[in-house]
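So the structure is just underneath, and the comments pick up after that.
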Amino acid sequence: MVLEYERLNTQQKILIVTYYWPPSGGSGVQRWMYFAKYLKQLGWEPIVVTVDEEKASYAVLDTSLNQEVDNIRVIKTNTREPLQWYSFLTSGSRNKGIPQGEVNRTSIFRKFAAYIRGNFFIPDARKGWVPFALKAARKIIIEEKITQIITTGPPHSTHLVGLQLQQEFDLNWLVDFRDPWSDLFYNKELYRSQRTIKKDLYLETQVLRTASGVLTTIGGKLHEDLKLKAPLQNLYALPNGYDAELMQSVEAKPIQDVFHVVYTGLLTHNQPYDTVLKVLNSISTPVPIRLSLAGTISPEIRSEIQAEYPKIEVVYHGYLSHKDAIGLMKSAHLLLNFIFLGAQNQMISGKLLEYIATEIPILSIGNPDSEAGCFLKQGTAATMLDENDTNAILDFIQIAVTQKDSIRNTFPQLGEWSREALTLKLIFVFEGKTQV
């Protein structure tokens, strides 16, 4: 595929404005880290404007990701933002208390903090980065005569950089929504006033209507909602993928003396994990059941799981490097995923694509008729089930248990979801050659 594209390549430069960049860890960094990696391999010259990691509000770090993009030109800037102070006040750490996936409202202080965050920092609490990113981006556009630019959010304040630049320069500006903006599922928990909601929607609409095109990780209902805000805009569904090079480099080492269940990533109380764990705790198997957890999972949730499901051996691996997380996935007999409540139609996570690439059976809990649910149905041993469908959950797990050494989850045309293949589609969008 690289050789096929290089015959068409025009050696264009592209400016990527992204808050998340290595050594930031987590899923938010990987989309454009990999796009940049393969843009470079396909002959383009990506230039990145990001925040200095010493000043950034990064919840987790993964220094191993630096090697993926060590040949990419990166401009790092200062920033001023309140999230580190919020984190320190709520957790005693500059990074530990940075919100992820849910809003903690367990005390009067936390409710007040949520109100401040939701109403005084529009569109988000990282908007203090905007003037620094804008200054750096403006300079590099002039120096390098750049006409292609991408802004990616969250944080969606990043798009305000693109909005200003579009008014100053003649740009082909793509906006990337990794998650929704004003419709994000946990916004309703931030005690937002009607004035705040109106202002946030206005900013989103301005960005949507001004950009040259809009990328999302999913189509369907999300695109329908965006079309109501920007009827004339070109929308492109370009999902997250898996890195074929990394996947092939990690050896599969299944554990034989247990039935090994793995969950990686962020786990919160806003995800429906109880039914699956109850089923796992209740079934009889020839070997013990081990549940391996890796990622950002609070001590409260881990303690709750260990107390309520005593028949399951729970092993918490902490936050793993991306490569080690892939290794853990490949050691499993069953991979678990839980869709955030309220976000059923808003995203297909990159983790699901990596799960699929391992060929391990996948049990995801969410809306079976969602975009992610329909996508998973293509696999031979993958499914999305409603949290209340206990019998179907039990049946799927029992099949995985009885066939644990032989069952594989094969997926049609898997190569189309590799990071390289998706980057080629991205290039075609920039060049106006296709819609995805």
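Following the order of the structure tokens, chains are lettered A, B, ..., residues in each are numbered from 1, and ligands are numbered from 1.
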
Item to check | strand (DSSP E or B) call set, DSSP backbone run, range 212-278 of chain A, as a PyMOL selection string | outcome: chain A and resi 213-216+235-237+242+259-264+267

Output N, CA and C atoms for every residue in the selection just made, as a tab-separated table (two decimals), in the first residue's frame.
chain	number	residue	atom	x	y	z
A	213	GLY	N	-13.85	20.37	6.33
A	213	GLY	CA	-14.43	19.05	6.46
A	213	GLY	C	-14.33	18.60	7.90
A	214	VAL	N	-15.13	17.60	8.26
A	214	VAL	CA	-15.19	17.12	9.65
A	214	VAL	C	-14.99	15.61	9.67
A	215	LEU	N	-14.02	15.18	10.46
A	215	LEU	CA	-13.78	13.76	10.67
A	215	LEU	C	-14.39	13.31	11.99
A	216	THR	N	-14.92	12.10	12.01
A	216	THR	CA	-15.37	11.47	13.25
A	216	THR	C	-14.91	10.02	13.23
A	235	LEU	N	-18.94	15.41	6.01
A	235	LEU	CA	-18.62	14.58	7.18
A	235	LEU	C	-17.99	13.28	6.72
A	236	TYR	N	-16.94	12.86	7.41
A	236	TYR	CA	-16.22	11.64	7.05
A	236	TYR	C	-16.05	10.77	8.29
A	237	ALA	N	-16.46	9.53	8.21
A	237	ALA	CA	-16.25	8.58	9.31
A	237	ALA	C	-14.93	7.86	9.07
A	242	TYR	N	-5.86	-0.36	14.26
A	242	TYR	CA	-4.82	-1.08	14.99
A	242	TYR	C	-3.51	-0.96	14.20
A	259	PHE	N	-8.94	-19.81	32.97
A	259	PHE	CA	-9.69	-19.15	31.89
A	259	PHE	C	-9.44	-17.66	32.07
A	260	HIS	N	-8.72	-17.11	31.13
A	260	HIS	CA	-8.17	-15.77	31.30
A	260	HIS	C	-9.05	-14.72	30.62
A	261	VAL	N	-9.65	-13.84	31.40
A	261	VAL	CA	-10.50	-12.76	30.91
A	261	VAL	C	-9.74	-11.45	31.11
A	262	VAL	N	-9.74	-10.60	30.07
A	262	VAL	CA	-8.95	-9.37	30.12
A	262	VAL	C	-9.82	-8.17	29.81
A	263	TYR	N	-9.62	-7.13	30.60
A	263	TYR	CA	-10.21	-5.82	30.31
A	263	TYR	C	-9.10	-4.79	30.39
A	264	THR	N	-8.96	-3.96	29.36
A	264	THR	CA	-7.97	-2.90	29.37
A	264	THR	C	-8.65	-1.55	29.14
A	267	LEU	N	-12.12	2.26	33.30
A	267	LEU	CA	-13.32	1.62	33.83
A	267	LEU	C	-13.90	2.50	34.91

With a cut-off of 12 Å, could you pull out the residues of range 251-301 of chain A touching range 351-373 of chain A and give me the nearest pair of atoms for each, distance in Å to one decimal, using only C-alpha atoms, ordered by chain and ascending number, as a tab-separated table?
residue	atom	partner	partner_atom	distance
A:Glu251	CA	A:Thr358	CA	10.3
A:Ala252	CA	A:Thr358	CA	8.6
A:Lys253	CA	A:Thr358	CA	11.6
A:Pro254	CA	A:Ile360	CA	10.2
A:His260	CA	A:Ile360	CA	11.0
A:Val261	CA	A:Ile362	CA	9.9
A:Val262	CA	A:Ile362	CA	9.8
A:Tyr263	CA	A:Tyr355	CA	10.0
A:Thr264	CA	A:Lys351	CA	8.1
A:Gly265	CA	A:Lys351	CA	7.9
A:Leu266	CA	A:Lys351	CA	10.5
A:Asn270	CA	A:Gly366	CA	11.8
A:Gln271	CA	A:Ile365	CA	8.6
A:Pro272	CA	A:Ile365	CA	6.8
A:Tyr273	CA	A:Ile365	CA	7.6
A:Asp274	CA	A:Ile365	CA	10.2
A:Thr275	CA	A:Ile365	CA	9.2
A:Val276	CA	A:Ile365	CA	8.4
A:Leu277	CA	A:Ile365	CA	11.6
A:Gly295	CA	A:Lys351	CA	11.7

Checklist entry - Could you name the residues that touch His159 in chain A at 9 Å or less, counting only C-alpha atoms, but leaving out those on the same chain fewer than 3 positions away, as a PyMOL selection string? => result chain A and resi 17+130+150-156+162-164+175-176+204+207

Restricting the output to C-alpha atoms, write the selected residues as an mmCIF file, in the first residue's frame.
data_model
loop_
_atom_site.group_PDB
_atom_site.id
_atom_site.type_symbol
_atom_site.label_atom_id
_atom_site.label_comp_id
_atom_site.auth_asym_id
_atom_site.auth_seq_id
_atom_site.Cartn_x
_atom_site.Cartn_y
_atom_site.Cartn_z
ATOM 1 C CA VAL A 17 -2.653 20.675 16.277
ATOM 2 C CA VAL A 130 -5.326 28.116 22.857
ATOM 3 C CA ILE A 150 -5.937 19.327 11.249
ATOM 4 C CA THR A 151 -7.213 20.138 14.732
ATOM 5 C CA THR A 152 -8.298 17.253 16.920
ATOM 6 C CA GLY A 153 -10.376 17.191 20.088
ATOM 7 C CA PRO A 154 -11.052 16.643 22.887
ATOM 8 C CA PRO A 155 -10.113 19.045 24.198
ATOM 9 C CA HIS A 156 -12.418 20.756 21.726
ATOM 10 C CA GLY A 162 -8.198 26.261 13.726
ATOM 11 C CA LEU A 163 -11.164 28.630 13.671
ATOM 12 C CA GLN A 164 -8.885 31.645 14.143
ATOM 13 C CA VAL A 175 -11.714 19.163 12.227
ATOM 14 C CA ASP A 176 -11.425 15.811 14.000
ATOM 15 C CA GLU A 204 -19.259 24.106 18.140
ATOM 16 C CA VAL A 207 -16.308 25.383 14.035
#

Item to check | Those in range 351-436 of chain A with alpha helix (DSSP H) from DSSP, as a ChimeraX atom specification | outcome: /A:351-358,371-376,390-402,419-430

Output C-alpha atoms for every residue in that selection, as a PDB file, in the first residue's frame.
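Written output follows (part-v5.pdb):
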ATOM      1  CA  LYS A 351      -9.428  -0.476  21.786  1.00  0.00           C
ATOM      2  CA  LEU A 352     -12.157  -2.431  19.986  1.00  0.00           C
ATOM      3  CA  LEU A 353     -10.122  -2.424  16.786  1.00  0.00           C
ATOM      4  CA  GLU A 354      -7.092  -3.696  18.675  1.00  0.00           C
ATOM      5  CA  TYR A 355      -9.237  -6.333  20.348  1.00  0.00           C
ATOM      6  CA  ILE A 356     -10.416  -7.466  16.921  1.00  0.00           C
ATOM      7  CA  ALA A 357      -6.870  -7.648  15.562  1.00  0.00           C
ATOM      8  CA  THR A 358      -5.840 -10.091  18.320  1.00  0.00           C
ATOM      9  CA  GLU A 371     -22.716   1.360  15.157  1.00  0.00           C
ATOM     10  CA  ALA A 372     -20.228  -0.454  17.386  1.00  0.00           C
ATOM     11  CA  GLY A 373     -22.668  -3.335  17.882  1.00  0.00           C
ATOM     12  CA  CYS A 374     -23.223  -3.791  14.156  1.00  0.00           C
ATOM     13  CA  PHE A 375     -19.490  -3.544  13.562  1.00  0.00           C
ATOM     14  CA  LEU A 376     -18.701  -6.301  16.077  1.00  0.00           C
ATOM     15  CA  THR A 390     -28.127 -12.434  31.108  1.00  0.00           C
ATOM     16  CA  ASN A 391     -28.871 -15.644  29.208  1.00  0.00           C
ATOM     17  CA  ALA A 392     -27.105 -14.479  26.054  1.00  0.00           C
ATOM     18  CA  ILE A 393     -24.127 -13.291  28.100  1.00  0.00           C
ATOM     19  CA  LEU A 394     -23.967 -16.678  29.848  1.00  0.00           C
ATOM     20  CA  ASP A 395     -24.199 -18.576  26.544  1.00  0.00           C
ATOM     21  CA  PHE A 396     -21.395 -16.561  24.957  1.00  0.00           C
ATOM     22  CA  ILE A 397     -19.098 -16.994  27.951  1.00  0.00           C
ATOM     23  CA  GLN A 398     -19.750 -20.727  28.153  1.00  0.00           C
ATOM     24  CA  ILE A 399     -18.821 -21.154  24.488  1.00  0.00           C
ATOM     25  CA  ALA A 400     -15.622 -19.204  25.119  1.00  0.00           C
ATOM     26  CA  VAL A 401     -14.847 -21.399  28.142  1.00  0.00           C
ATOM     27  CA  THR A 402     -15.500 -24.756  26.480  1.00  0.00           C
ATOM     28  CA  ARG A 419      -3.552   2.333  10.865  1.00  0.00           C
ATOM     29  CA  GLU A 420      -1.743   2.442   7.521  1.00  0.00           C
ATOM     30  CA  ALA A 421      -4.871   1.739   5.491  1.00  0.00           C
ATOM     31  CA  LEU A 422      -6.840   4.354   7.416  1.00  0.00           C
ATOM     32  CA  THR A 423      -4.067   6.905   6.893  1.00  0.00           C
ATOM     33  CA  LEU A 424      -4.327   6.367   3.158  1.00  0.00           C
ATOM     34  CA  LYS A 425      -8.049   7.144   3.426  1.00  0.00           C
ATOM     35  CA  LEU A 426      -7.176  10.280   5.380  1.00  0.00           C
ATOM     36  CA  ILE A 427      -4.864  11.405   2.588  1.00  0.00           C
ATOM     37  CA  PHE A 428      -7.605  10.859   0.027  1.00  0.00           C
ATOM     38  CA  VAL A 429      -9.915  13.045   2.121  1.00  0.00           C
ATOM     39  CA  PHE A 430      -7.310  15.807   2.158  1.00  0.00           C
TER      40      PHE A 430
END

Next on the checklist: If we count only C-alpha atoms and set the cut-off at 10 Å, which residues sit around Ala137 in chain A, ignoring sequence neighbours fewer than 6 positions away in its own chain? Please answer as a ChimeraX atom specification.
Outcome noted: /A:15-17,47-50,75,131,143,146,149,161-162,165

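Proximity ranking of A:Ser418, A:Tyr38, A:Glu431, A:Leu61 relative to Gln248 in chain A places A:Ser418 first, based on only C-alpha atoms.
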
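The nearest approach to Phe185 in chain A among the residues A:Asp405, A:Ile108, A:Ile339, A:Leu226, with only C-alpha atoms taken into account, belongs to A:Ile339.
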
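With only C-alpha atoms as the basis for measurement, A:Gln12 is the residue among A:Ser321, A:Gln148, A:Ser24, A:Gln12 that approaches Leu42 in chain A most closely.
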
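One distance worth recording is that between CA of Ala343 in chain A and CA of Leu238 in chain A, which is 17.9 Å.
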